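Let me begin by presenting the structure, written as structure tokens, before commenting on it.
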Protein chains: 2
Amino acid sequence: MNAPAIDHARLLDRLQRLGAVGRTASGALSRLALTDADREGRDLLAGWMREAGLEVRVDRIGNIFGLWPVSQVADPVMIGSHIDSVIDAGIYDGCYGVLAGLAVVEALRQAGAAPARPIAVAAFTNEEGVRFQPDMMGSLVHAGGLDIDAALAAVDSDGCVLGEELARIGYAGDLAPGAIRPHCYLELHIEQGPVLEAAGLAIGAVDSLQGISWQRVTIEGAANHAGTTPIAARRDAGLAAARVIAHLRDRVAGANAGTLATVGSLRFEPDAINVIPSRAVFTVDLRDPEEERLQAAEDSLARFLEGLAESEGVTVATERLARFQPVRFDPALVGLVAAAAGRRGLGHRRMTSGAGHDAQMIARIAPAAMIFVPSRGGISHNPAEFTAPADLAAGADVLLDVVAELIEA
Amino acid sequence: MNAPAIDHARLLDRLQRLGAVGRTASGALSRLALTDADREGRDLLAGWMREAGLEVRVDRIGNIFGLWPVSQVADPVMIGSHIDSVIDAGIYDGCYGVLAGLAVVEALRQAGAAPARPIAVAAFTNEEGVRFQPDMMGSLVHAGGLDIDAALAAVDSDGCVLGEELARIGYAGDLAPGAIRPHCYLELHIEQGPVLEAAGLAIGAVDSLQGISWQRVTIEGAANHAGTTPIAARRDAGLAAARVIAHLRDRVAGANAGTLATVGSLRFEPDAINVIPSRAVFTVDLRDPEEERLQAAEDSLARFLEGLAESEGVTVATERLARFQPVRFDPALVGLVAAAAGRRGLGHRRMTSGAGHDAQMIARIAPAAMIFVPSRGGISHNPAEFTAPADLAAGADVLLDVVAELIEA
């Protein structure tokens, strides 16, 4: 075959075109999973897959696979990510990996490659988890980590059932989840953090992914009058929540050991200026690349909450929303990524992923690795999300090189 | 005349009947100012006033006055409070003072009293300030502290204009605000705090009222990914808000000097589990019976916020929502209250009011005082708000005795 080459201009053009789908009246991008906007994005992607000569298959959770079948019976090299978005999103998160996967297949076909294995380009359903929980749902179902019927029964805050929404938008496929078993899995993604930009590097060979612990904490105190209740008589749920937030920050800042702690969501009840909060409900997001440290952070939080119940006269309940152990990606695949970047003369480093990705689910059933490209300012989940065209092109080139090697085996 | 005596049973019955107005489907009492429920409550009160032979006058802010005119030209003794409620309220706050005032007039008329001055029973508009701000609005307008046109232009969170709502419920009167100038003012109220119950006393002769400082604080940081943003790179508006809440508590608990600090309302944006809050908006309620200490608390907060902007990389803006200096009630009136309680053999003490009341506004234009009765558990602004019938009766008796003295002068 000829030397395969990515059509960079087409890749960039498709990113813009897919990014134009799901704009609100104010121009914000919100292509939440299983909305009409998601259907429109899926239709666009499936059309491009068919134009590229791929066979489009959809499984029962709505995962889309663009298959390049070959005569040999073999598990495919899978390249994937997602095309659903958060609210007021950027255009790169997820879409870049799916469209680059498609560009890789197009480059290989254009060059007359004769793969020894099939290639599957995957777009997994509901990676973001904004509308339906858990996040990374499609890849989790694909990896056998979540029962398909449980996933289809998920309900959003308006009472819509996931399975019904999937059927409504025409993406309730009949392929059994996990039927397309990957030989190995690669995911190209924007970093969504500041590491590569700060280091002036083009490529991250992602060798691990942080463990994630999500909890919802509910603190119950007693509502009372702000002007007549002595400090000693208060059972202030809002104060207790504030103590938790400050404690989490002080602990992770003091340890300086790679643990991250975030309280992103918080509500008070009754939420009135002159009433002591009777209830505070907030989320805790803990992450660490090391399982032991993640557990230690969880244990420390649990002990702090116990002490708080005592000292502030409140009751505390916690609910686990998500828990994923840290993932070690396949060293051989990571090595291929680093070597490919080196051959292209691209500055690169091994690194951890701070965010969750479909790759962490697929890593349960196949060797997997990820490739990161820089995010300007480390910004993601935001309209300001941006990766320079040259960096987008370089990442797709590295993905192409690695896939070209893998399909020879 | 005969010895006047309060009809306790009728007073208690009316408290229950007025408390039945404004119940939601779930049974909760929410009679917010200028709602249909408020109209229904006003109609009930005005009907009772007319039955008692009083002349009902309504001013431009909707304050209702039940007047017992006498032949002498003189400023009236005014007895007042309010009948609007908070959300999910108790039945005593405000209503008790208005209905007891009416019961006093009825007792005096029944006994054939011939007052040397008129008596006015007042129900002031929007004391609670839940739907329209500021609170204590009707009495503030009456005292000349708020321009009537500014008050009528207040807008609620649904965009409804106060003046239009007042006209809609039929209580946009034509009496000029402040036209009925009180000779002196008395307000009987539940304590809404634990002091009297804890001391085993029936009557509080309220000689002062705490100063109140309300601010809204807006902290702006930067939204970013919870999993990829190093601690040192964060500008976490939620953490900054938590630091403020903890600081306020630590300062007032440490000083133990009578200052109260409460953060009752707090919102994060974007309020998502895996996004560092870009914005936190919260309220600060500071109270102290001493103006100097209240100012010191405000100054301390301002300095803390400045330091926080520096240490957390956030920007901070504050907005003053309300500010009232501490009030000293009229010593002669307070003395009459204490003496009347003593003559009735009721345990009593002088005390400060922790909550704001219409009396603090009327104190700007006339000698004023308040009478407190115990609140079980110190609870108020809550369905569990309760004062024992014997205590309600005793408070009304003391009010009657004081008014009977005042109308002789």
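Residue numbering restarts at 1 in every chain; chains get A, B, ... in the order shown in the structure tokens, and ligands count up from 1 in that same order.
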
Distance table requested - chain B against chain A, cut-off 8 Å, only C-alpha atoms: one row per qualifying residue with the closest atom pair and its distance in Å to one decimal, ordered by chain and rising residue number, as JSON lines.
{"residue": "B:Gln192", "atom": "CA", "partner": "A:Thr228", "partner_atom": "CA", "distance": 6.4}
{"residue": "B:Gly193", "atom": "CA", "partner": "A:Thr228", "partner_atom": "CA", "distance": 4.8}
{"residue": "B:Pro194", "atom": "CA", "partner": "A:Thr229", "partner_atom": "CA", "distance": 7.3}
{"residue": "B:Asn224", "atom": "CA", "partner": "A:Ile379", "partner_atom": "CA", "distance": 6.3}
{"residue": "B:His225", "atom": "CA", "partner": "A:Ser380", "partner_atom": "CA", "distance": 6.6}
{"residue": "B:Ala226", "atom": "CA", "partner": "A:Thr262", "partner_atom": "CA", "distance": 6.0}
{"residue": "B:Gly227", "atom": "CA", "partner": "A:Gly354", "partner_atom": "CA", "distance": 4.5}
{"residue": "B:Thr228", "atom": "CA", "partner": "A:Gly354", "partner_atom": "CA", "distance": 4.4}
{"residue": "B:Thr229", "atom": "CA", "partner": "A:Gly193", "partner_atom": "CA", "distance": 5.9}
{"residue": "B:Pro230", "atom": "CA", "partner": "A:Leu260", "partner_atom": "CA", "distance": 7.4}
{"residue": "B:Ile231", "atom": "CA", "partner": "A:Ala253", "partner_atom": "CA", "distance": 6.8}
{"residue": "B:Gly238", "atom": "CA", "partner": "A:Val263", "partner_atom": "CA", "distance": 7.3}
{"residue": "B:Leu239", "atom": "CA", "partner": "A:Ile245", "partner_atom": "CA", "distance": 6.2}
{"residue": "B:Ala241", "atom": "CA", "partner": "A:Ala242", "partner_atom": "CA", "distance": 7.8}
{"residue": "B:Ala242", "atom": "CA", "partner": "A:Ala242", "partner_atom": "CA", "distance": 4.3}
{"residue": "B:Arg243", "atom": "CA", "partner": "A:Ala246", "partner_atom": "CA", "distance": 6.3}
{"residue": "B:Ile245", "atom": "CA", "partner": "A:Leu239", "partner_atom": "CA", "distance": 6.2}
{"residue": "B:Ala246", "atom": "CA", "partner": "A:Ala242", "partner_atom": "CA", "distance": 6.3}
{"residue": "B:Arg249", "atom": "CA", "partner": "A:Leu239", "partner_atom": "CA", "distance": 7.7}
{"residue": "B:Val252", "atom": "CA", "partner": "A:Ile231", "partner_atom": "CA", "distance": 8.0}
{"residue": "B:Ala253", "atom": "CA", "partner": "A:Ile231", "partner_atom": "CA", "distance": 6.7}
{"residue": "B:Leu260", "atom": "CA", "partner": "A:Gly227", "partner_atom": "CA", "distance": 6.9}
{"residue": "B:Ala261", "atom": "CA", "partner": "A:Ala226", "partner_atom": "CA", "distance": 7.6}
{"residue": "B:Thr262", "atom": "CA", "partner": "A:Ala226", "partner_atom": "CA", "distance": 6.0}
{"residue": "B:Val263", "atom": "CA", "partner": "A:Ile273", "partner_atom": "CA", "distance": 6.8}
{"residue": "B:Gly264", "atom": "CA", "partner": "A:Ile273", "partner_atom": "CA", "distance": 4.7}
{"residue": "B:Ser265", "atom": "CA", "partner": "A:Asp271", "partner_atom": "CA", "distance": 4.2}
{"residue": "B:Leu266", "atom": "CA", "partner": "A:Phe268", "partner_atom": "CA", "distance": 6.4}
{"residue": "B:Arg267", "atom": "CA", "partner": "A:Arg267", "partner_atom": "CA", "distance": 6.4}
{"residue": "B:Phe268", "atom": "CA", "partner": "A:Leu266", "partner_atom": "CA", "distance": 6.4}
{"residue": "B:Glu269", "atom": "CA", "partner": "A:Ser265", "partner_atom": "CA", "distance": 7.9}
{"residue": "B:Pro270", "atom": "CA", "partner": "A:Ser265", "partner_atom": "CA", "distance": 7.9}
{"residue": "B:Asp271", "atom": "CA", "partner": "A:Ser265", "partner_atom": "CA", "distance": 4.3}
{"residue": "B:Ala272", "atom": "CA", "partner": "A:Ser265", "partner_atom": "CA", "distance": 5.1}
{"residue": "B:Ile273", "atom": "CA", "partner": "A:Gly264", "partner_atom": "CA", "distance": 4.7}
{"residue": "B:Asn274", "atom": "CA", "partner": "A:Gly264", "partner_atom": "CA", "distance": 6.0}
{"residue": "B:Val275", "atom": "CA", "partner": "A:Gly264", "partner_atom": "CA", "distance": 5.5}
{"residue": "B:Ile276", "atom": "CA", "partner": "A:Gly264", "partner_atom": "CA", "distance": 5.3}
{"residue": "B:Pro277", "atom": "CA", "partner": "A:Gly264", "partner_atom": "CA", "distance": 5.5}
{"residue": "B:Thr283", "atom": "CA", "partner": "A:Ile273", "partner_atom": "CA", "distance": 5.8}
{"residue": "B:Val284", "atom": "CA", "partner": "A:Ile273", "partner_atom": "CA", "distance": 7.2}
{"residue": "B:Asp285", "atom": "CA", "partner": "A:Asn274", "partner_atom": "CA", "distance": 6.6}
{"residue": "B:Arg287", "atom": "CA", "partner": "A:Gly227", "partner_atom": "CA", "distance": 6.6}
{"residue": "B:Ser353", "atom": "CA", "partner": "A:Thr228", "partner_atom": "CA", "distance": 7.4}
{"residue": "B:Gly354", "atom": "CA", "partner": "A:Thr228", "partner_atom": "CA", "distance": 4.5}
{"residue": "B:Ala355", "atom": "CA", "partner": "A:Gly227", "partner_atom": "CA", "distance": 4.8}
{"residue": "B:Gly356", "atom": "CA", "partner": "A:Gly227", "partner_atom": "CA", "distance": 7.8}
{"residue": "B:Gly378", "atom": "CA", "partner": "A:Thr229", "partner_atom": "CA", "distance": 7.4}
{"residue": "B:Ile379", "atom": "CA", "partner": "A:Asn224", "partner_atom": "CA", "distance": 6.2}
{"residue": "B:Ser380", "atom": "CA", "partner": "A:His225", "partner_atom": "CA", "distance": 6.4}
{"residue": "B:His381", "atom": "CA", "partner": "A:His225", "partner_atom": "CA", "distance": 6.9}
{"residue": "B:Asn382", "atom": "CA", "partner": "A:Asn224", "partner_atom": "CA", "distance": 7.8}

Residue neighbourhood Val373 (chain B), 7 Å, only C-alpha atoms, exclusion window fewer than 2 positions, as a list in words: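 Skipping anything fewer than 2 positions along the chain leaves His189, Ile190, Glu191, Ala202, Ile203, Gly204, Ile371, Ser375, Asp391, Leu392 and Gly395 of chain B.
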
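Proximity to Ile407 (chain B) at 12 Å, evaluated using only C-alpha atoms and with sequence-adjacent residues fewer than 5 positions away removed, yields Trp68, Pro69, Val70, Gln72, Ala74, Asp75, Pro76, Val77, Met78, Val104, Val105, Leu108, Ala113, Ala114, Pro115, Ala116, Arg117, Pro118, Ile119, Ala120, His183, Cys184, Leu400, Asp401 and Val402 of chain B.
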
Please produce an output containing N, CA and C atoms for each residue in the selection, written as an mmCIF file, in the first residue's frame.
data_model
loop_
_atom_site.group_PDB
_atom_site.id
_atom_site.type_symbol
_atom_site.label_atom_id
_atom_site.label_comp_id
_atom_site.auth_asym_id
_atom_site.auth_seq_id
_atom_site.Cartn_x
_atom_site.Cartn_y
_atom_site.Cartn_z
ATOM 1 N N TRP B 68 -60.519 53.193 66.498
ATOM 2 C CA TRP B 68 -61.598 53.504 67.420
ATOM 3 C C TRP B 68 -61.516 55.013 67.671
ATOM 4 N N PRO B 69 -62.269 55.777 66.883
ATOM 5 C CA PRO B 69 -62.143 57.232 67.014
ATOM 6 C C PRO B 69 -62.856 57.704 68.268
ATOM 7 N N VAL B 70 -62.366 58.767 68.852
ATOM 8 C CA VAL B 70 -63.029 59.370 70.021
ATOM 9 C C VAL B 70 -63.239 60.843 69.716
ATOM 10 N N GLN B 72 -62.169 63.507 71.253
ATOM 11 C CA GLN B 72 -60.985 64.356 71.367
ATOM 12 C C GLN B 72 -60.113 64.252 70.112
ATOM 13 N N ALA B 74 -56.686 63.796 68.984
ATOM 14 C CA ALA B 74 -55.413 63.364 69.585
ATOM 15 C C ALA B 74 -54.838 62.235 68.743
ATOM 16 N N ASP B 75 -53.520 62.086 68.800
ATOM 17 C CA ASP B 75 -52.887 60.949 68.114
ATOM 18 C C ASP B 75 -53.264 59.669 68.835
ATOM 19 N N PRO B 76 -53.465 58.594 68.098
ATOM 20 C CA PRO B 76 -53.920 57.352 68.732
ATOM 21 C C PRO B 76 -52.796 56.573 69.400
ATOM 22 N N VAL B 77 -53.169 55.798 70.395
ATOM 23 C CA VAL B 77 -52.320 54.707 70.865
ATOM 24 C C VAL B 77 -52.412 53.620 69.802
ATOM 25 N N MET B 78 -51.269 53.208 69.289
ATOM 26 C CA MET B 78 -51.286 52.219 68.205
ATOM 27 C C MET B 78 -50.787 50.874 68.720
ATOM 28 N N VAL B 104 -57.976 43.667 72.730
ATOM 29 C CA VAL B 104 -57.859 44.736 73.724
ATOM 30 C C VAL B 104 -58.944 45.793 73.488
ATOM 31 N N VAL B 105 -59.092 46.209 72.237
ATOM 32 C CA VAL B 105 -60.104 47.227 71.912
ATOM 33 C C VAL B 105 -61.496 46.697 72.257
ATOM 34 N N LEU B 108 -62.038 46.815 75.975
ATOM 35 C CA LEU B 108 -62.251 48.179 76.474
ATOM 36 C C LEU B 108 -63.650 48.682 76.105
ATOM 37 N N ALA B 113 -65.331 51.700 78.359
ATOM 38 C CA ALA B 113 -64.259 52.674 78.528
ATOM 39 C C ALA B 113 -64.522 53.910 77.679
ATOM 40 N N ALA B 114 -64.049 55.051 78.165
ATOM 41 C CA ALA B 114 -64.176 56.308 77.421
ATOM 42 C C ALA B 114 -62.782 56.886 77.264
ATOM 43 N N PRO B 115 -62.047 56.426 76.252
ATOM 44 C CA PRO B 115 -60.636 56.798 76.129
ATOM 45 C C PRO B 115 -60.460 58.289 75.844
ATOM 46 N N ALA B 116 -59.359 58.802 76.379
ATOM 47 C CA ALA B 116 -58.985 60.180 76.094
ATOM 48 C C ALA B 116 -58.269 60.290 74.749
ATOM 49 N N ARG B 117 -57.873 59.177 74.181
ATOM 50 C CA ARG B 117 -57.203 59.150 72.866
ATOM 51 C C ARG B 117 -57.822 58.031 72.036
ATOM 52 N N PRO B 118 -57.737 58.164 70.707
ATOM 53 C CA PRO B 118 -58.149 57.050 69.839
ATOM 54 C C PRO B 118 -57.205 55.857 70.022
ATOM 55 N N ILE B 119 -57.675 54.690 69.611
ATOM 56 C CA ILE B 119 -56.804 53.510 69.529
ATOM 57 C C ILE B 119 -56.809 53.046 68.077
ATOM 58 N N ALA B 120 -55.617 52.686 67.576
ATOM 59 C CA ALA B 120 -55.525 52.142 66.221
ATOM 60 C C ALA B 120 -54.879 50.762 66.291
ATOM 61 N N HIS B 183 -49.397 58.167 68.853
ATOM 62 C CA HIS B 183 -48.940 58.806 70.099
ATOM 63 C C HIS B 183 -47.854 57.932 70.729
ATOM 64 N N CYS B 184 -48.101 56.649 70.693
ATOM 65 C CA CYS B 184 -47.103 55.674 71.112
ATOM 66 C C CYS B 184 -47.490 54.347 70.474
ATOM 67 N N LEU B 400 -53.475 44.694 77.450
ATOM 68 C CA LEU B 400 -54.697 45.411 77.840
ATOM 69 C C LEU B 400 -54.420 46.401 78.971
ATOM 70 N N ASP B 401 -53.699 45.940 79.986
ATOM 71 C CA ASP B 401 -53.437 46.798 81.140
ATOM 72 C C ASP B 401 -52.639 48.034 80.732
ATOM 73 N N VAL B 402 -51.637 47.829 79.882
ATOM 74 C CA VAL B 402 -50.793 48.961 79.468
ATOM 75 C C VAL B 402 -51.611 49.936 78.623
#

Write out as a CSV table (one decimal) with N, CA and C atoms, in the first residue's frame all residues of region 6-185 of chain B that DSSP puts in alpha helix (DSSP H) for this structure's backbone.
chain,number,residue,atom,x,y,z
B,8,HIS,N,-60.4,35.6,76.1
B,8,HIS,CA,-59.3,34.7,75.7
B,8,HIS,C,-59.7,33.6,74.6
B,9,ALA,N,-60.9,33.1,74.8
B,9,ALA,CA,-61.3,32.0,73.9
B,9,ALA,C,-61.5,32.5,72.5
B,10,ARG,N,-62.0,33.7,72.4
B,10,ARG,CA,-62.2,34.3,71.0
B,10,ARG,C,-60.9,34.6,70.4
B,11,LEU,N,-59.9,35.1,71.2
B,11,LEU,CA,-58.6,35.4,70.7
B,11,LEU,C,-57.9,34.1,70.1
B,12,LEU,N,-58.0,33.0,70.9
B,12,LEU,CA,-57.4,31.8,70.5
B,12,LEU,C,-58.1,31.2,69.3
B,13,ASP,N,-59.4,31.3,69.3
B,13,ASP,CA,-60.2,30.8,68.1
B,13,ASP,C,-59.8,31.6,66.8
B,14,ARG,N,-59.7,32.9,67.0
B,14,ARG,CA,-59.3,33.7,65.8
B,14,ARG,C,-57.9,33.4,65.3
B,15,LEU,N,-57.0,33.1,66.2
B,15,LEU,CA,-55.6,32.7,65.8
B,15,LEU,C,-55.7,31.4,65.0
B,16,GLN,N,-56.5,30.5,65.4
B,16,GLN,CA,-56.7,29.2,64.6
B,16,GLN,C,-57.3,29.5,63.3
B,17,ARG,N,-58.3,30.4,63.3
B,17,ARG,CA,-59.1,30.6,62.0
B,17,ARG,C,-58.2,31.4,61.0
B,18,LEU,N,-57.5,32.4,61.5
B,18,LEU,CA,-56.5,33.1,60.6
B,18,LEU,C,-55.4,32.1,60.1
B,19,GLY,N,-55.0,31.2,61.0
B,19,GLY,CA,-53.9,30.3,60.7
B,19,GLY,C,-54.4,29.2,59.7
B,36,ASP,N,-53.1,35.8,47.0
B,36,ASP,CA,-54.5,35.5,47.2
B,36,ASP,C,-54.8,35.1,48.7
B,37,ALA,N,-53.8,34.4,49.2
B,37,ALA,CA,-54.0,34.0,50.6
B,37,ALA,C,-53.9,35.2,51.6
B,38,ASP,N,-53.0,36.1,51.3
B,38,ASP,CA,-52.9,37.3,52.1
B,38,ASP,C,-54.3,38.1,52.0
B,39,ARG,N,-54.8,38.2,50.8
B,39,ARG,CA,-56.1,38.9,50.6
B,39,ARG,C,-57.2,38.2,51.5
B,40,GLU,N,-57.2,36.9,51.5
B,40,GLU,CA,-58.2,36.2,52.3
B,40,GLU,C,-58.0,36.5,53.8
B,41,GLY,N,-56.7,36.5,54.2
B,41,GLY,CA,-56.4,36.8,55.6
B,41,GLY,C,-56.8,38.2,56.0
B,42,ARG,N,-56.5,39.2,55.1
B,42,ARG,CA,-56.9,40.6,55.3
B,42,ARG,C,-58.4,40.8,55.4
B,43,ASP,N,-59.1,40.1,54.5
B,43,ASP,CA,-60.6,40.2,54.5
B,43,ASP,C,-61.1,39.7,55.8
B,44,LEU,N,-60.6,38.6,56.3
B,44,LEU,CA,-61.0,38.1,57.6
B,44,LEU,C,-60.8,39.1,58.7
B,45,LEU,N,-59.6,39.6,58.8
B,45,LEU,CA,-59.2,40.6,59.8
B,45,LEU,C,-60.1,41.9,59.7
B,46,ALA,N,-60.2,42.4,58.5
B,46,ALA,CA,-61.0,43.6,58.3
B,46,ALA,C,-62.5,43.4,58.8
B,47,GLY,N,-63.0,42.2,58.5
B,47,GLY,CA,-64.3,41.8,58.9
B,47,GLY,C,-64.5,41.9,60.4
B,48,TRP,N,-63.5,41.3,61.1
B,48,TRP,CA,-63.5,41.2,62.6
B,48,TRP,C,-63.4,42.7,63.1
B,49,MET,N,-62.6,43.5,62.5
B,49,MET,CA,-62.4,44.9,62.9
B,49,MET,C,-63.8,45.6,62.8
B,50,ARG,N,-64.4,45.4,61.7
B,50,ARG,CA,-65.7,46.1,61.5
B,50,ARG,C,-66.8,45.6,62.5
B,51,GLU,N,-66.8,44.3,62.7
B,51,GLU,CA,-67.7,43.7,63.7
B,51,GLU,C,-67.4,44.3,65.1
B,95,CYS,N,-49.6,37.5,63.7
B,95,CYS,CA,-51.0,37.4,63.9
B,95,CYS,C,-51.4,37.6,65.3
B,96,TYR,N,-50.6,37.0,66.2
B,96,TYR,CA,-50.9,37.1,67.6
B,96,TYR,C,-51.0,38.6,68.1
B,97,GLY,N,-50.1,39.4,67.7
B,97,GLY,CA,-50.1,40.8,68.1
B,97,GLY,C,-51.2,41.6,67.5
B,98,VAL,N,-51.6,41.3,66.3
B,98,VAL,CA,-52.7,42.1,65.6
B,98,VAL,C,-54.0,41.6,66.3
B,99,LEU,N,-54.2,40.3,66.5
B,99,LEU,CA,-55.5,39.9,67.0
B,99,LEU,C,-55.6,40.2,68.5
B,100,ALA,N,-54.5,40.2,69.2
B,100,ALA,CA,-54.5,40.6,70.6
B,100,ALA,C,-54.9,42.1,70.7
B,101,GLY,N,-54.4,42.9,69.8
B,101,GLY,CA,-54.7,44.3,69.8
B,101,GLY,C,-56.2,44.5,69.6
B,102,LEU,N,-56.8,43.8,68.7
B,102,LEU,CA,-58.2,43.8,68.4
B,102,LEU,C,-59.0,43.4,69.7
B,103,ALA,N,-58.5,42.3,70.3
B,103,ALA,CA,-59.1,41.9,71.6
B,103,ALA,C,-59.1,42.9,72.7
B,104,VAL,N,-58.0,43.7,72.7
B,104,VAL,CA,-57.9,44.7,73.7
B,104,VAL,C,-58.9,45.8,73.5
B,105,VAL,N,-59.1,46.2,72.2
B,105,VAL,CA,-60.1,47.2,71.9
B,105,VAL,C,-61.5,46.7,72.3
B,106,GLU,N,-61.8,45.4,71.9
B,106,GLU,CA,-63.1,44.9,72.2
B,106,GLU,C,-63.3,44.8,73.7
B,107,ALA,N,-62.3,44.5,74.5
B,107,ALA,CA,-62.4,44.4,75.9
B,107,ALA,C,-62.8,45.8,76.5
B,108,LEU,N,-62.0,46.8,76.0
B,108,LEU,CA,-62.3,48.2,76.5
B,108,LEU,C,-63.7,48.7,76.1
B,109,ARG,N,-64.1,48.4,74.9
B,109,ARG,CA,-65.4,48.9,74.5
B,109,ARG,C,-66.5,48.1,75.3
B,110,GLN,N,-66.3,46.8,75.4
B,110,GLN,CA,-67.2,46.0,76.2
B,110,GLN,C,-67.4,46.6,77.6
B,137,MET,N,-41.6,46.2,55.5
B,137,MET,CA,-41.8,47.2,54.5
B,137,MET,C,-43.0,48.2,54.9
B,138,GLY,N,-44.1,47.7,55.3
B,138,GLY,CA,-45.2,48.5,55.6
B,138,GLY,C,-45.0,49.5,56.7
B,139,SER,N,-44.3,49.0,57.8
B,139,SER,CA,-44.0,49.9,58.9
B,139,SER,C,-42.9,50.9,58.5
B,140,LEU,N,-42.0,50.4,57.7
B,140,LEU,CA,-40.9,51.3,57.2
B,140,LEU,C,-41.5,52.5,56.4
B,141,VAL,N,-42.4,52.2,55.5
B,141,VAL,CA,-43.0,53.2,54.7
B,141,VAL,C,-43.8,54.1,55.7
B,142,HIS,N,-44.5,53.5,56.6
B,142,HIS,CA,-45.3,54.3,57.6
B,142,HIS,C,-44.4,55.3,58.4
B,148,ILE,N,-42.8,55.7,49.2
B,148,ILE,CA,-43.9,54.9,48.8
B,148,ILE,C,-43.8,54.4,47.4
B,149,ASP,N,-43.3,55.3,46.5
B,149,ASP,CA,-43.2,54.8,45.1
B,149,ASP,C,-42.2,53.8,44.9
B,150,ALA,N,-41.1,53.9,45.7
B,150,ALA,CA,-40.0,52.9,45.6
B,150,ALA,C,-40.6,51.5,46.1
B,151,ALA,N,-41.4,51.6,47.2
B,151,ALA,CA,-41.9,50.3,47.7
B,151,ALA,C,-42.9,49.7,46.7
B,152,LEU,N,-43.8,50.5,46.1
B,152,LEU,CA,-44.7,50.0,45.2
B,152,LEU,C,-44.1,49.4,43.9
B,162,LEU,N,-45.1,44.9,43.1
B,162,LEU,CA,-45.8,45.0,44.3
B,162,LEU,C,-47.1,45.8,44.2
B,163,GLY,N,-46.9,47.0,43.6
B,163,GLY,CA,-48.1,47.9,43.5
B,163,GLY,C,-49.2,47.3,42.7
B,164,GLU,N,-48.9,46.5,41.7
B,164,GLU,CA,-49.9,45.8,40.9
B,164,GLU,C,-50.6,44.7,41.7
B,165,GLU,N,-49.8,44.0,42.5
B,165,GLU,CA,-50.3,42.9,43.3
B,165,GLU,C,-51.2,43.5,44.4
B,166,LEU,N,-50.8,44.6,44.9
B,166,LEU,CA,-51.6,45.3,46.0
B,166,LEU,C,-53.0,45.6,45.4
B,167,ALA,N,-53.0,46.2,44.2
B,167,ALA,CA,-54.3,46.6,43.6
B,167,ALA,C,-55.1,45.3,43.2
B,168,ARG,N,-54.4,44.3,42.8
B,168,ARG,CA,-55.1,43.1,42.4
B,168,ARG,C,-55.8,42.5,43.5

Excluding Ser81 (chain B) and any residue of its chain fewer than 4 positions from it, enumerate the residues within 7 Å of it, using only C-alpha atoms, and give them as a list of chain:residue names.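 Listed by chain and then number, they are B:Gly94, B:Gly97, B:Val98, B:Ala122, B:Ala123, B:Phe124, B:Glu187, B:Asp358.
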
What would the file look like if the residues just selected were written as a short mmCIF file (atom, residue, chain, number, x, y, z; two decimals), in the first residue's frame with all heavy atoms?
data_model
loop_
_atom_site.label_atom_id
_atom_site.label_comp_id
_atom_site.auth_asym_id
_atom_site.auth_seq_id
_atom_site.Cartn_x
_atom_site.Cartn_y
_atom_site.Cartn_z
N GLY B 94 -46.69 37.40 64.39
CA GLY B 94 -47.39 38.56 63.82
C GLY B 94 -48.88 38.55 64.12
O GLY B 94 -49.40 39.47 64.76
N GLY B 97 -50.09 39.42 67.66
CA GLY B 97 -50.07 40.82 68.07
C GLY B 97 -51.24 41.61 67.53
O GLY B 97 -51.82 42.46 68.22
N VAL B 98 -51.60 41.33 66.26
CA VAL B 98 -52.72 42.05 65.65
C VAL B 98 -54.03 41.64 66.31
O VAL B 98 -54.85 42.49 66.70
CB VAL B 98 -52.77 41.78 64.13
CG1 VAL B 98 -54.01 42.44 63.52
CG2 VAL B 98 -51.50 42.28 63.46
N ALA B 122 -53.11 48.08 64.09
CA ALA B 122 -52.46 48.11 62.78
C ALA B 122 -51.98 46.72 62.36
O ALA B 122 -51.43 45.97 63.17
CB ALA B 122 -51.27 49.07 62.80
N ALA B 123 -52.21 46.41 61.07
CA ALA B 123 -51.59 45.22 60.45
C ALA B 123 -50.74 45.74 59.30
O ALA B 123 -51.26 46.21 58.29
CB ALA B 123 -52.66 44.26 59.96
N PHE B 124 -49.42 45.68 59.49
CA PHE B 124 -48.50 46.25 58.50
C PHE B 124 -48.22 45.26 57.36
O PHE B 124 -48.09 44.06 57.57
CB PHE B 124 -47.20 46.66 59.17
CG PHE B 124 -47.36 47.82 60.12
CD1 PHE B 124 -47.29 47.62 61.49
CD2 PHE B 124 -47.62 49.10 59.64
CE1 PHE B 124 -47.45 48.69 62.38
CE2 PHE B 124 -47.79 50.17 60.51
CZ PHE B 124 -47.71 49.96 61.88
N GLU B 187 -46.27 46.54 70.60
CA GLU B 187 -46.37 45.33 69.79
C GLU B 187 -46.16 44.12 70.69
O GLU B 187 -45.13 43.98 71.35
CB GLU B 187 -45.35 45.35 68.64
CG GLU B 187 -45.49 44.15 67.70
CD GLU B 187 -44.74 44.30 66.39
OE1 GLU B 187 -44.19 45.40 66.12
OE2 GLU B 187 -44.73 43.32 65.61
N ASP B 358 -41.90 45.16 63.30
CA ASP B 358 -42.44 46.46 62.88
C ASP B 358 -42.15 47.53 63.93
O ASP B 358 -41.96 48.71 63.58
CB ASP B 358 -43.95 46.34 62.62
CG ASP B 358 -44.25 45.48 61.40
OD1 ASP B 358 -43.65 45.73 60.33
OD2 ASP B 358 -45.06 44.54 61.51
#
